[in-house]
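Shown here: data21.cif, mmCIF, C-alpha atoms.
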```
data_query
#
loop_
_atom_site.label_atom_id
_atom_site.label_comp_id
_atom_site.auth_asym_id
_atom_site.auth_seq_id
_atom_site.Cartn_x
_atom_site.Cartn_y
_atom_site.Cartn_z
CA MET A 12 142.25 80.13 62.32
CA LYS A 13 142.64 79.91 66.10
CA ILE A 14 145.63 81.68 67.62
CA PHE A 15 147.18 81.93 71.06
CA PRO A 16 145.09 84.47 73.06
CA THR A 17 146.62 87.91 72.45
CA PRO A 18 145.57 90.80 74.73
CA SER A 19 146.76 93.61 72.45
CA ILE A 20 148.82 94.54 69.42
CA ASP A 21 151.28 97.35 70.15
CA ALA A 22 153.99 99.44 68.52
CA GLN A 23 156.14 102.31 69.72
CA VAL A 24 157.51 105.29 67.81
CA LEU A 25 160.63 106.38 69.71
CA LEU A 26 161.62 110.06 69.77
CA GLU A 27 164.68 111.91 70.98
CA ARG A 28 162.46 114.78 72.11
CA TYR A 29 158.77 115.25 72.81
CA GLU A 30 156.85 115.96 69.59
CA PRO A 31 153.13 115.43 70.29
CA LEU A 32 150.70 115.58 67.39
CA SER A 33 147.30 117.22 67.68
CA GLY A 34 144.42 115.05 68.84
CA ASN A 35 142.47 115.78 65.66
CA ALA A 36 145.40 114.65 63.50
CA VAL A 37 145.70 111.42 65.46
CA LEU A 38 141.94 110.81 65.23
CA GLU A 39 142.08 111.17 61.45
CA MET A 40 144.98 108.70 61.31
CA ILE A 41 143.00 106.16 63.34
CA VAL A 42 139.82 106.42 61.28
CA ARG A 43 141.79 106.21 58.03
CA ALA A 44 143.65 103.12 59.26
CA ALA A 45 140.45 101.42 60.43
CA ALA A 46 138.74 102.04 57.10
CA ALA A 47 141.75 100.68 55.21
CA ALA A 48 141.55 97.55 57.37
CA GLY A 49 137.94 96.99 56.31
CA LEU A 50 136.05 98.58 59.22
CA PRO A 51 133.26 101.10 58.49
CA ALA A 52 134.56 104.58 59.20
CA GLU A 53 131.17 105.64 60.55
CA GLU A 54 131.49 103.06 63.34
CA CYS A 55 134.61 104.75 64.74
CA LYS A 56 133.62 106.68 67.84
CA LEU A 57 135.88 108.90 69.92
CA LEU A 58 135.66 107.75 73.55
CA LYS A 59 135.11 110.21 76.39
CA THR A 60 138.23 108.99 78.14
CA SER A 61 140.33 110.62 75.40
CA THR A 62 142.43 113.69 76.19
CA GLU A 63 143.98 116.35 74.00
CA LYS A 64 147.04 114.19 73.35
CA ASP A 65 145.91 110.64 74.20
CA ILE A 66 143.19 109.44 71.84
CA ARG A 67 140.87 106.45 72.35
CA VAL A 68 138.60 105.31 69.54
CA LEU A 69 136.23 102.35 69.34
CA CYS A 70 135.85 101.06 65.77
CA GLY A 71 133.41 98.18 65.87
CA ASN A 72 134.98 95.78 68.35
CA TYR A 73 138.50 97.22 68.01
CA HIS A 74 139.62 99.59 70.77
CA ILE A 75 142.40 101.81 69.39
CA LEU A 76 144.57 103.88 71.71
CA VAL A 77 147.33 106.31 70.76
CA THR A 78 149.25 107.57 73.82
CA GLN A 79 151.68 110.50 73.63
CA THR A 80 151.99 111.64 77.25
CA VAL A 81 153.41 108.60 79.06
CA PRO A 82 157.13 109.10 79.90
CA PHE A 83 159.45 106.79 78.02
CA GLU A 84 160.96 103.89 79.89
CA ALA A 85 162.70 100.92 78.29
CA SER A 86 160.52 97.86 78.88
CA ALA A 87 161.66 94.28 79.41
CA GLN A 88 160.51 93.55 75.85
CA LEU A 89 162.67 96.35 74.48
CA GLU A 90 165.66 95.14 76.48
CA THR A 91 165.17 91.67 74.97
CA ALA A 92 165.11 93.16 71.48
CA LEU A 93 168.26 95.19 72.17
CA ASN A 94 170.13 92.04 73.14
CA SER A 95 169.04 90.10 70.05
CA PHE A 96 171.46 89.14 67.31
CA SER A 97 169.41 90.91 64.63
CA VAL A 98 169.60 94.27 66.40
CA LYS A 99 173.28 93.93 67.27
CA SER A 100 174.17 93.00 63.69
CA SER A 101 171.85 95.24 61.65
CA PHE A 102 171.16 98.16 64.04
CA PRO A 103 174.36 98.52 66.12
CA GLU A 104 173.62 102.08 67.23
CA ALA A 105 170.29 101.01 68.75
CA ALA A 106 171.56 101.01 72.34
CA ASP A 107 172.81 104.59 72.04
CA ILE A 108 169.53 105.66 70.45
CA ILE A 109 167.51 104.13 73.28
CA GLU A 110 169.77 105.86 75.78
CA ALA A 111 169.02 109.22 74.11
CA THR A 112 165.27 108.59 73.81
CA THR A 113 163.14 110.85 76.01
CA ALA A 114 159.65 110.38 74.54
CA HIS A 115 157.56 107.96 72.56
CA THR A 116 154.16 107.48 71.02
CA GLN A 117 152.53 104.12 71.64
CA ILE A 118 149.88 102.69 69.33
CA SER A 119 147.76 99.89 70.76
CA VAL A 120 144.72 97.94 69.63
CA TYR A 121 142.61 95.95 72.08
CA LYS A 122 139.51 93.82 71.61
CA GLY A 123 136.26 95.26 72.93
CA LEU A 124 135.49 98.38 74.90
CA ILE A 125 137.28 97.24 78.08
CA PRO A 126 140.98 96.35 77.69
CA VAL A 127 141.97 93.00 79.14
CA GLY A 128 144.07 94.66 81.84
CA ALA A 129 141.00 96.43 83.24
CA PHE A 130 139.16 93.21 84.11
CA PRO A 131 139.12 92.21 87.80
CA GLU A 132 141.32 89.26 88.67
CA GLY A 133 139.66 86.01 87.65
CA ALA A 134 136.88 87.72 85.68
CA LEU A 135 138.42 87.00 82.31
CA GLN A 136 138.46 83.26 82.94
CA GLU A 137 134.81 83.37 83.91
CA ILE A 138 133.55 85.23 80.85
CA GLY A 139 135.95 83.62 78.38
CA GLU A 140 139.19 84.80 76.78
CA SER A 141 137.51 85.44 73.43
CA ILE A 142 135.64 88.41 74.95
CA ALA A 143 138.71 90.56 75.55
CA THR A 144 141.60 88.90 73.68
CA PHE A 145 142.27 88.19 70.04
CA THR A 146 141.76 84.45 69.55
CA ASP A 147 141.44 84.22 65.77
CA SER A 148 143.98 85.09 63.09
CA SER A 149 141.43 87.21 61.22
CA GLU A 150 141.06 89.42 64.32
CA SER A 151 144.79 89.79 64.92
CA HIS A 152 145.41 90.61 61.25
CA VAL A 153 142.92 93.49 61.37
CA ALA A 154 144.47 94.75 64.61
CA MET A 155 147.98 94.53 63.16
CA ALA A 156 146.94 96.30 59.96
CA ILE A 157 145.52 99.17 62.02
CA VAL A 158 148.61 99.45 64.22
CA LYS A 159 150.92 99.32 61.21
CA SER A 160 148.99 102.06 59.41
CA VAL A 161 148.77 104.39 62.41
CA THR A 162 152.44 103.80 63.22
CA SER A 163 153.38 104.74 59.66
CA SER A 164 151.29 107.91 59.86
CA VAL A 165 152.77 108.95 63.22
CA ALA A 166 156.31 108.24 62.00
CA ASN A 167 155.77 110.26 58.83
CA ALA A 168 154.43 113.21 60.84
CA SER A 169 157.28 113.27 63.38
CA SER A 170 161.02 112.66 63.64
CA PRO A 171 161.42 109.16 65.06
CA THR A 172 164.78 107.63 65.85
CA ALA A 173 163.51 104.03 65.99
CA ILE A 174 160.35 101.91 65.68
CA PHE A 175 159.59 99.01 67.99
CA TRP A 176 157.06 96.44 66.76
CA MET A 177 156.25 94.73 70.03
CA PRO A 178 154.49 91.45 69.01
CA SER A 179 157.61 90.23 67.17
CA LEU A 180 160.16 92.12 69.33
CA PHE A 181 161.40 93.83 66.18
CA LEU A 182 163.40 97.01 66.90
CA MET A 183 164.36 98.77 63.70
CA THR A 184 165.38 102.02 62.08
CA PRO A 185 162.59 104.20 60.65
CA ASP A 186 163.86 103.39 57.15
CA THR A 187 163.64 99.65 57.78
CA PHE A 188 160.12 100.04 59.16
CA LYS A 189 159.06 102.00 56.10
CA LEU A 190 160.46 99.24 53.91
CA VAL A 191 158.80 96.28 55.65
CA ALA A 192 155.53 98.19 56.24
CA ASP A 193 155.25 98.91 52.50
CA GLU A 194 155.74 95.28 51.50
CA ASP A 195 152.85 93.39 49.87
CA THR A 196 153.18 90.75 52.54
CA PRO A 197 153.16 91.91 56.16
CA LEU A 198 154.88 88.82 57.58
CA LEU A 199 158.31 90.45 57.47
CA LEU A 200 157.02 92.84 60.14
CA TYR A 201 154.61 90.58 61.99
CA VAL A 202 157.10 87.72 62.42
CA HIS A 203 160.76 88.42 63.11
CA PRO A 204 163.50 85.77 63.08
CA HIS A 205 165.49 85.73 66.30
CA LEU A 206 168.69 83.69 66.28
CA TYR A 207 170.15 81.86 69.24
CA GLY A 208 173.17 79.64 69.57
CA GLU A 209 174.47 76.71 71.52
CA LYS A 210 177.54 74.50 71.46
CA SER A 211 177.28 70.96 70.15
CA PRO A 212 177.75 68.62 73.13
CA LEU A 213 179.53 66.16 70.84
CA THR A 214 181.86 68.36 68.77
CA GLY A 215 181.87 71.71 70.56
CA GLU A 216 180.88 73.41 67.30
CA GLN A 217 178.66 76.49 67.32
CA LEU A 218 175.09 75.70 66.31
CA ILE A 219 172.46 78.30 65.40
CA GLY A 220 168.69 78.05 65.90
CA VAL A 221 165.92 80.34 64.64
CA ILE A 222 162.72 81.36 66.43
CA GLY A 223 159.88 83.10 64.58
CA SER A 224 158.99 85.73 67.19
CA GLY A 225 155.38 86.87 66.82
CA ALA A 226 154.11 83.62 65.29
CA PRO A 227 151.68 82.77 68.16
CA SER A 228 149.60 85.85 67.30
CA ILE A 229 149.58 84.81 63.64
CA ILE A 230 149.08 81.02 63.57
CA GLY A 231 148.69 80.13 67.26
CA TYR A 232 152.05 78.37 67.63
CA SER A 233 155.60 79.32 68.39
CA VAL A 234 157.74 78.17 65.43
CA GLU A 235 161.43 77.40 65.45
CA PHE A 236 164.32 75.48 63.95
CA ALA A 237 166.46 73.90 66.67
CA PRO A 238 170.18 74.77 66.60
CA SER A 239 172.09 73.19 63.73
CA LYS A 240 174.90 73.96 61.29
CA LEU A 241 172.51 74.67 58.42
CA PRO A 242 172.72 78.15 56.81
CA THR A 243 170.65 80.61 58.82
CA GLY A 244 169.45 82.38 55.68
CA TYR A 245 167.94 79.13 54.43
CA LEU A 246 166.26 78.44 57.78
CA ILE A 247 164.78 81.94 57.90
CA GLU A 248 163.32 81.59 54.41
CA ARG A 249 161.76 78.24 55.23
CA LEU A 250 160.36 79.57 58.50
CA TYR A 251 158.58 82.37 56.63
CA SER A 252 157.48 79.88 53.98
CA PHE A 253 155.92 77.59 56.58
CA ILE A 254 154.05 80.40 58.36
CA GLY A 255 152.83 82.01 55.14
CA PHE A 256 151.61 78.72 53.71
CA THR A 257 149.91 77.83 57.00
CA LEU A 258 147.96 81.08 56.77
CA LYS A 259 146.88 80.24 53.23
CA ARG A 260 145.68 76.77 54.26
CA GLY A 261 144.04 78.06 57.42
CA LYS A 262 145.55 75.29 59.56
CA VAL A 263 148.93 73.92 60.54
CA PHE A 264 150.30 70.63 59.28
CA PRO A 265 149.87 67.71 61.70
CA SER A 266 152.85 66.52 63.69
CA GLY A 267 154.91 64.18 61.51
CA ASP A 268 153.96 65.76 58.18
CA VAL A 269 156.68 66.96 55.85
CA PHE A 270 156.81 69.91 53.46
CA GLY A 271 159.29 71.11 50.87
CA SER A 272 159.70 73.10 47.67
CA ASP A 273 160.13 69.86 45.71
CA GLU A 274 160.70 66.13 46.24
CA THR A 275 164.37 66.64 47.15
CA GLU A 276 163.58 68.82 50.16
CA LYS A 277 161.83 67.45 53.23
CA ILE A 278 161.23 69.51 56.36
CA GLN A 279 159.35 67.70 59.09
CA VAL A 280 156.86 69.26 61.50
CA PHE A 281 156.92 68.29 65.18
CA HIS A 282 154.30 69.56 67.65
CA HIS A 283 155.20 70.21 71.30
CA PRO A 284 152.72 71.08 74.09
CA GLN A 285 152.45 74.36 75.98
CA GLN A 286 154.97 75.08 78.70
CA ASP A 287 154.76 77.66 81.50
CA GLY A 288 151.59 79.16 80.08
CA GLY A 289 153.14 79.94 76.71
CA ALA A 290 151.92 79.00 73.25
CA PRO A 291 152.26 75.43 71.96
CA ARG A 292 155.42 74.99 69.93
CA ILE A 293 156.15 73.71 66.44
CA GLU A 294 159.66 72.53 65.73
CA LEU A 295 160.75 72.36 62.09
CA LYS A 296 163.53 69.91 61.20
CA VAL A 297 165.29 69.51 57.87
CA VAL A 298 165.36 65.74 57.42
CA HIS A 299 166.36 65.55 53.75
CA ASN A 300 168.11 68.08 51.52
CA PRO A 301 171.10 66.63 49.64
CA ALA A 302 172.16 70.10 48.49
CA LEU A 303 172.84 70.96 52.13
CA GLY A 304 174.33 67.60 53.03
CA VAL A 305 171.26 66.26 54.82
CA GLU A 306 170.27 62.82 53.50
CA ARG A 307 168.35 59.78 54.62
CA ASP A 308 167.29 56.51 53.07
CA PRO A 309 164.40 56.59 50.56
CA VAL A 310 161.00 55.94 52.09
CA THR A 311 157.52 55.39 50.76
CA THR A 312 155.93 58.82 50.54
CA VAL A 313 152.43 60.19 50.11
CA TYR A 314 152.87 63.48 48.22
CA LYS A 315 150.29 66.26 48.22
CA GLU A 316 150.59 69.06 45.68
CA TYR A 317 149.28 72.57 46.53
CA ASN A 318 148.92 75.67 44.41
CA THR A 319 149.89 79.17 45.53
CA GLU A 320 146.52 79.67 47.23
CA GLY A 321 147.02 76.66 49.50
CA THR A 322 144.51 74.50 47.63
CA LEU A 323 145.24 70.79 47.28
CA THR A 324 145.66 70.06 43.56
CA GLY A 325 146.87 66.46 43.53
CA GLU A 326 148.18 63.53 45.54
CA HIS A 327 150.28 60.51 44.70
CA ILE A 328 152.19 57.78 46.51
CA ASP A 329 155.82 57.45 45.60
CA GLY A 330 157.15 53.98 46.26
CA ALA A 331 153.76 52.36 46.64
CA GLU A 332 154.36 50.56 43.35
CA GLU A 333 156.91 48.42 45.22
CA VAL A 334 154.26 47.13 47.61
CA VAL A 335 152.73 43.72 46.83
CA LEU A 336 149.05 44.26 46.08
CA ASP A 337 146.69 41.49 44.99
CA PRO A 338 144.38 42.66 42.15
CA ASP A 339 141.95 39.88 43.06
CA ASP A 340 141.57 41.25 46.58
CA PRO A 341 138.77 43.89 46.67
CA ILE A 342 140.67 46.24 48.98
CA ASP A 343 143.97 45.91 47.12
CA ALA A 344 142.15 46.35 43.84
CA ALA A 345 140.67 49.60 45.13
CA ILE A 346 144.16 50.85 46.02
CA LEU A 347 145.48 49.92 42.57
CA ALA A 348 142.55 51.71 40.92
CA GLN A 349 143.22 54.82 43.02
CA LEU A 350 146.91 54.81 42.07
CA LYS A 351 146.01 54.47 38.40
CA HIS A 352 143.55 57.35 38.68
CA GLN A 353 146.14 59.53 40.41
CA LYS A 354 148.71 58.88 37.70
CA ALA A 355 146.17 59.82 35.03
CA SER A 356 145.26 63.00 36.91
CA GLU A 357 148.91 63.98 37.24
CA ALA A 358 149.48 63.55 33.53
CA ALA A 359 146.43 65.69 32.70
CA ALA A 360 147.52 68.40 35.12
CA ALA A 361 151.13 68.52 34.01
CA ASP A 362 150.45 71.32 31.52
CA ALA A 363 148.29 73.36 33.89
CA ALA A 364 151.33 74.97 35.54
CA ASN A 365 149.47 75.34 38.78
CA TYR A 366 152.17 74.03 41.07
CA ALA A 367 153.96 76.40 43.43
CA LYS A 368 157.56 76.34 42.24
CA PRO A 369 160.54 77.15 44.47
CA ILE A 370 162.12 80.57 44.10
CA ARG A 371 165.89 80.68 44.19
CA ARG A 372 167.60 83.84 45.42
CA SER A 373 171.21 84.83 45.57
CA PRO A 374 172.47 85.77 49.04
CA ALA A 375 172.99 89.35 47.86
CA ALA A 376 169.30 89.74 47.12
CA SER A 377 168.06 88.75 50.54
CA SER A 378 168.02 92.02 52.47
CA PRO A 379 165.00 94.32 52.88
CA GLU A 380 166.85 97.02 50.96
CA THR A 381 167.01 94.80 47.89
CA SER A 382 164.46 92.01 47.66
CA GLN A 383 162.66 90.37 50.54
CA PRO A 384 161.67 86.71 50.57
CA ASP A 385 157.95 86.51 49.86
CA PRO A 386 156.65 84.43 52.77
CA GLN A 387 153.24 83.85 51.18
CA SER A 388 154.19 83.36 47.53
CA ARG A 389 157.06 80.97 48.32
CA ARG A 390 154.75 78.03 49.00
CA PRO A 391 155.87 74.58 50.02
CA ARG A 392 155.26 72.53 46.88
CA VAL A 393 155.10 69.15 48.55
CA VAL A 394 153.43 68.22 51.79
CA SER A 395 153.61 64.56 52.68
CA ASP A 396 152.71 61.95 55.22
CA GLU A 397 155.63 59.63 54.70
CA THR A 398 157.82 56.75 55.82
CA ALA A 399 159.05 53.33 54.93
CA SER A 400 156.54 50.53 54.64
CA GLU A 401 157.21 47.47 56.75
CA THR A 402 159.14 44.57 55.23
CA SER A 403 159.94 41.00 56.23
CA GLU A 404 162.54 38.45 55.17
CA ALA A 405 159.99 36.93 52.80
CA GLY A 406 159.52 40.23 51.02
CA PRO A 407 157.33 43.33 51.24
CA LYS A 408 154.36 43.14 53.56
CA LYS A 409 150.96 43.47 51.88
CA LEU A 410 149.15 46.69 52.90
CA SER A 411 145.39 46.49 53.33
CA THR A 412 144.34 50.13 53.03
CA MET A 413 145.66 53.52 51.96
CA ASP A 414 145.22 54.73 55.55
CA GLU A 415 147.40 51.91 56.80
CA LEU A 416 150.07 52.88 54.30
CA ARG A 417 149.85 56.47 55.48
CA GLN A 418 150.04 55.57 59.19
CA ILE A 419 152.96 53.19 58.69
CA ALA A 420 154.70 55.98 56.80
CA ILE A 421 154.25 58.54 59.58
CA ALA A 422 155.36 56.14 62.33
CA ALA A 423 158.48 55.00 60.52
CA GLN A 424 159.47 58.49 59.48
CA GLN A 425 159.52 59.75 63.04
CA THR A 426 161.97 57.01 64.01
CA ASN A 427 164.11 57.28 60.87
CA ALA A 428 164.42 61.10 60.66
CA SER A 429 168.02 62.22 61.00
CA ASP A 430 169.78 65.57 60.84
CA GLN A 431 173.10 65.68 59.02
CA PRO A 432 173.67 69.42 58.55
CA SER A 433 176.14 70.87 56.13
CA LYS A 434 178.93 73.20 57.10
CA GLY A 435 177.35 76.15 55.32
CA ARG A 436 176.48 79.19 57.39
CA GLY A 437 174.22 82.17 56.84
CA ILE A 438 173.70 85.53 58.52
CA LEU A 439 170.56 87.41 59.38
CA GLY A 440 172.12 90.49 57.84
CA ARG A 441 171.22 89.07 54.44
CA PHE A 442 167.62 89.85 55.28
CA LEU A 443 167.91 92.98 57.41
CA LYS A 444 170.81 95.22 56.47
CA ARG A 445 170.91 98.66 57.98
CA LYS A 446 170.27 101.61 55.69
#
```
Rewritten as structure tokens:
Amino acid sequence: MKIFPTPSIDAQVLLERYEPLSGNAVLEMIVRAAAAAGLPAEECKLLKTSTEKDIRVLCGNYHILVTQTVPFEASAQLETALNSFSVKSSFPEAADIIEATTAHTQISVYKGLIPVGAFPEGALQEIGESIATFTDSSESHVAMAIVKSVTSSVANASSPTAIFWMPSLFLMTPDTFKLVADEDTPLLLYVHPHLYGEKSPLTGEQLIGVIGSGAPSIIGYSVEFAPSKLPTGYLIERLYSFIGFTLKRGKVFPSGDVFGSDETEKIQVFHHPQQDGGAPRIELKVVHNPALGVERDPVTTVYKEYNTEGTLTGEHIDGAEEVVLDPDDPIDAAILAQLKHQKASEAAAADAANYAKPIRRSPAASSPETSQPDPQSRRPRVVSDETASETSEAGPKKLSTMDELRQIAIAAQQTNASDQPSKGRGILGRFLKRK
């Protein structure tokens, strides 16, 4: 799966005082991490540019660097993380810890022997970004697995005061890092929800939006929910659900498609182009969820059912039975036959129990210390290309093909989608409470 070009994957282990590990110990950590990520240990070669404390290793096409001698200085990325809502609410002592930090160990993974920063200006464009940057999700996942493993080993062998996972701007306590790094799914570390607010121009009410920081290096797109009054805990869960399911499918849903845990929940996907050299953006919008006070008129919907592995298991058209189809017309007859076949398939598959069902959690069970949302097992059950079919005063318009029905659905949905958020609110602390 193509991703936004990523020059490196980095993490920092922050220390109150300088505690360098031996070069041999670090080398063992690197080789062990590379082997666990699926790279042959025998291909890991110590580079001559290594020093006693700063170790460079080339494992296949992955250039791994652990630096212990560079003086600590708070970067712009770290300052951004410090000012985030998640840090202020779940790690309030972070600013004091950063102030007391005097040393750090940085773990970085690059692509190829020569890091992207070492290329002469303009050279990278000439040879192609794929030579020195991660451009596929399979590459970035290996790099992240290596960085996560080495970071864990360094943290366990020293006395860190904080861990900074740089791709997702996730600054956390060592205990929180240990928790999310040990999870079966790595998305809780690789993608971090950052909240931002704005005032409603109409009512003056506070609205909250959610950005999935780190998503471009995972699925190639920035992902966010625009500010609304919907519970933030719900939005965070659905953001993880969308990213995890996208990884399973190996591609993002087209702009206009809708997903949800069942037929009562519809979250629409909108694609936006790149801006200022950043990644293209996907906006998620809750367009129908009566439980949260978001409703819209019923529309003809093409439903696609997926199992937990992201495989399409069935498809049906809800509301198509209302459309006037002529059984004597060859095209209409083909549509009727397809609908009949789909109904028969659904009945046969009803007992197979291969649909991804929604998981309901209580708010108290939503922090890392208790039970994390499973971004990859909580699959969207329904993905649909939907909208109302056209009508006239004389009655429903006859549709000539299934594709026409689908296209009419998409076009109408984009004009009919509305957001009527409930007054419920959520807090990020449900997901990331401090130890």
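The coordinates place atom CA of A:Ala226 at 12.8 Å from atom CA of A:Phe256.
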Item to complete: For atom CA of A:Glu248 and atom CA of A:Val305, determine how far apart the two atoms are, in Å to one decimal place.
Response: 17.3 Å
Discussion item. Can you translate the PyMOL selection byres ((chain A and resi 275) around 7) into the concrete residues it hits in this file, as a PyMOL selection string?
Written reply: chain A and resi 273-274+276-277+299-300
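Residue nearest A:Asn318 within the list A:Arg260, A:Val221, A:Glu54, A:Ser19: A:Arg260 [criterion: smallest interatomic distance, only C-alpha atoms].
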Practice prompt. Using the chain letters and numbering of this document, enumerate as JSON, numbers by chain the residues selected by the PyMOL selection byres ((chain A and resi 239) around 6).
Written response: {"A": [218, 219, 238, 240, 241]}
Fill in: A:Thr172 surroundings by all atoms listed in the file, 10 Å radius, close-in-sequence under 3 positions cut, as JSON, numbers by chain
{"A": [24, 25, 26, 27, 28, 105, 108, 109, 111, 112, 115, 166, 169, 183, 184, 185, 186]}
For stretch 205-210 of chain A, find every residue with an atom within 10 Å (counting all atoms listed in the file), except residues of its own chain fewer than 3 positions away, and show them as a CSV table (one decimal) with C-alpha atoms, in the coordinates of the input.
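Written file, result-v1.csv:
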```
chain,number,residue,atom,x,y,z
A,92,ALA,CA,165.1,93.2,71.5
A,95,SER,CA,169.0,90.1,70.0
A,96,PHE,CA,171.5,89.1,67.3
A,97,SER,CA,169.4,90.9,64.6
A,98,VAL,CA,169.6,94.3,66.4
A,179,SER,CA,157.6,90.2,67.2
A,180,LEU,CA,160.2,92.1,69.3
A,181,PHE,CA,161.4,93.8,66.2
A,202,VAL,CA,157.1,87.7,62.4
A,213,LEU,CA,179.5,66.2,70.8
A,214,THR,CA,181.9,68.4,68.8
A,215,GLY,CA,181.9,71.7,70.6
A,216,GLU,CA,180.9,73.4,67.3
A,217,GLN,CA,178.7,76.5,67.3
A,218,LEU,CA,175.1,75.7,66.3
A,219,ILE,CA,172.5,78.3,65.4
A,220,GLY,CA,168.7,78.0,65.9
A,221,VAL,CA,165.9,80.3,64.6
A,222,ILE,CA,162.7,81.4,66.4
A,223,GLY,CA,159.9,83.1,64.6
A,224,SER,CA,159.0,85.7,67.2
A,235,GLU,CA,161.4,77.4,65.4
A,236,PHE,CA,164.3,75.5,64.0
A,237,ALA,CA,166.5,73.9,66.7
A,238,PRO,CA,170.2,74.8,66.6
A,239,SER,CA,172.1,73.2,63.7
A,243,THR,CA,170.6,80.6,58.8
A,247,ILE,CA,164.8,81.9,57.9
A,438,ILE,CA,173.7,85.5,58.5
A,439,LEU,CA,170.6,87.4,59.4
```
Practice prompt. Identify all residues satisfying the PyMOL selection byres ((chain A and resi 141-157) around 7) in the given file; provide them as an MDAnalysis selection string.
Written response: chainID A and resid 12:18 20 44:45 48 120 122:123 126:127 139:140 158:161 228:230
Only C-alpha atoms, please: the residues just picked out, written as a CSV table (one decimal), in the coordinates of the input.
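As written to disk, result.csv reads:
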```
chain,number,residue,atom,x,y,z
A,12,MET,CA,142.2,80.1,62.3
A,13,LYS,CA,142.6,79.9,66.1
A,14,ILE,CA,145.6,81.7,67.6
A,15,PHE,CA,147.2,81.9,71.1
A,16,PRO,CA,145.1,84.5,73.1
A,17,THR,CA,146.6,87.9,72.4
A,18,PRO,CA,145.6,90.8,74.7
A,20,ILE,CA,148.8,94.5,69.4
A,44,ALA,CA,143.6,103.1,59.3
A,45,ALA,CA,140.4,101.4,60.4
A,48,ALA,CA,141.6,97.6,57.4
A,120,VAL,CA,144.7,97.9,69.6
A,122,LYS,CA,139.5,93.8,71.6
A,123,GLY,CA,136.3,95.3,72.9
A,126,PRO,CA,141.0,96.4,77.7
A,127,VAL,CA,142.0,93.0,79.1
A,139,GLY,CA,136.0,83.6,78.4
A,140,GLU,CA,139.2,84.8,76.8
A,158,VAL,CA,148.6,99.4,64.2
A,159,LYS,CA,150.9,99.3,61.2
A,160,SER,CA,149.0,102.1,59.4
A,161,VAL,CA,148.8,104.4,62.4
A,228,SER,CA,149.6,85.8,67.3
A,229,ILE,CA,149.6,84.8,63.6
A,230,ILE,CA,149.1,81.0,63.6
```
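Taking atom CA of A:Thr80 as the reference point, atom CA of A:Leu93 is found at 23.7 Å.
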Item to complete: Extract, using only C-alpha atoms, all DNA, RNA and protein residues at most 7 Å from A:Leu58, discarding same-chain residues fewer than 4 positions from it, and format them as a PyMOL selection string.
Response: chain A and resi 67-69
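Residues in contact with A:Ala290 at up to 7 Å, not including ones fewer than 3 positions away on its chain and judged by all atoms listed in the file, are A:Phe15, A:Pro227, A:Gly231, A:Tyr232, A:Ser233, A:Gln285.
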Worksheet item: Out of A:Leu199, A:Leu57, A:Ala192, A:Leu295, which residue has the shortest atom-to-atom distance to A:Ser164 when counting only C-alpha atoms?
Response: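 Among the listed residues, the smallest separation from A:Ser164 belongs to A:Ala192.
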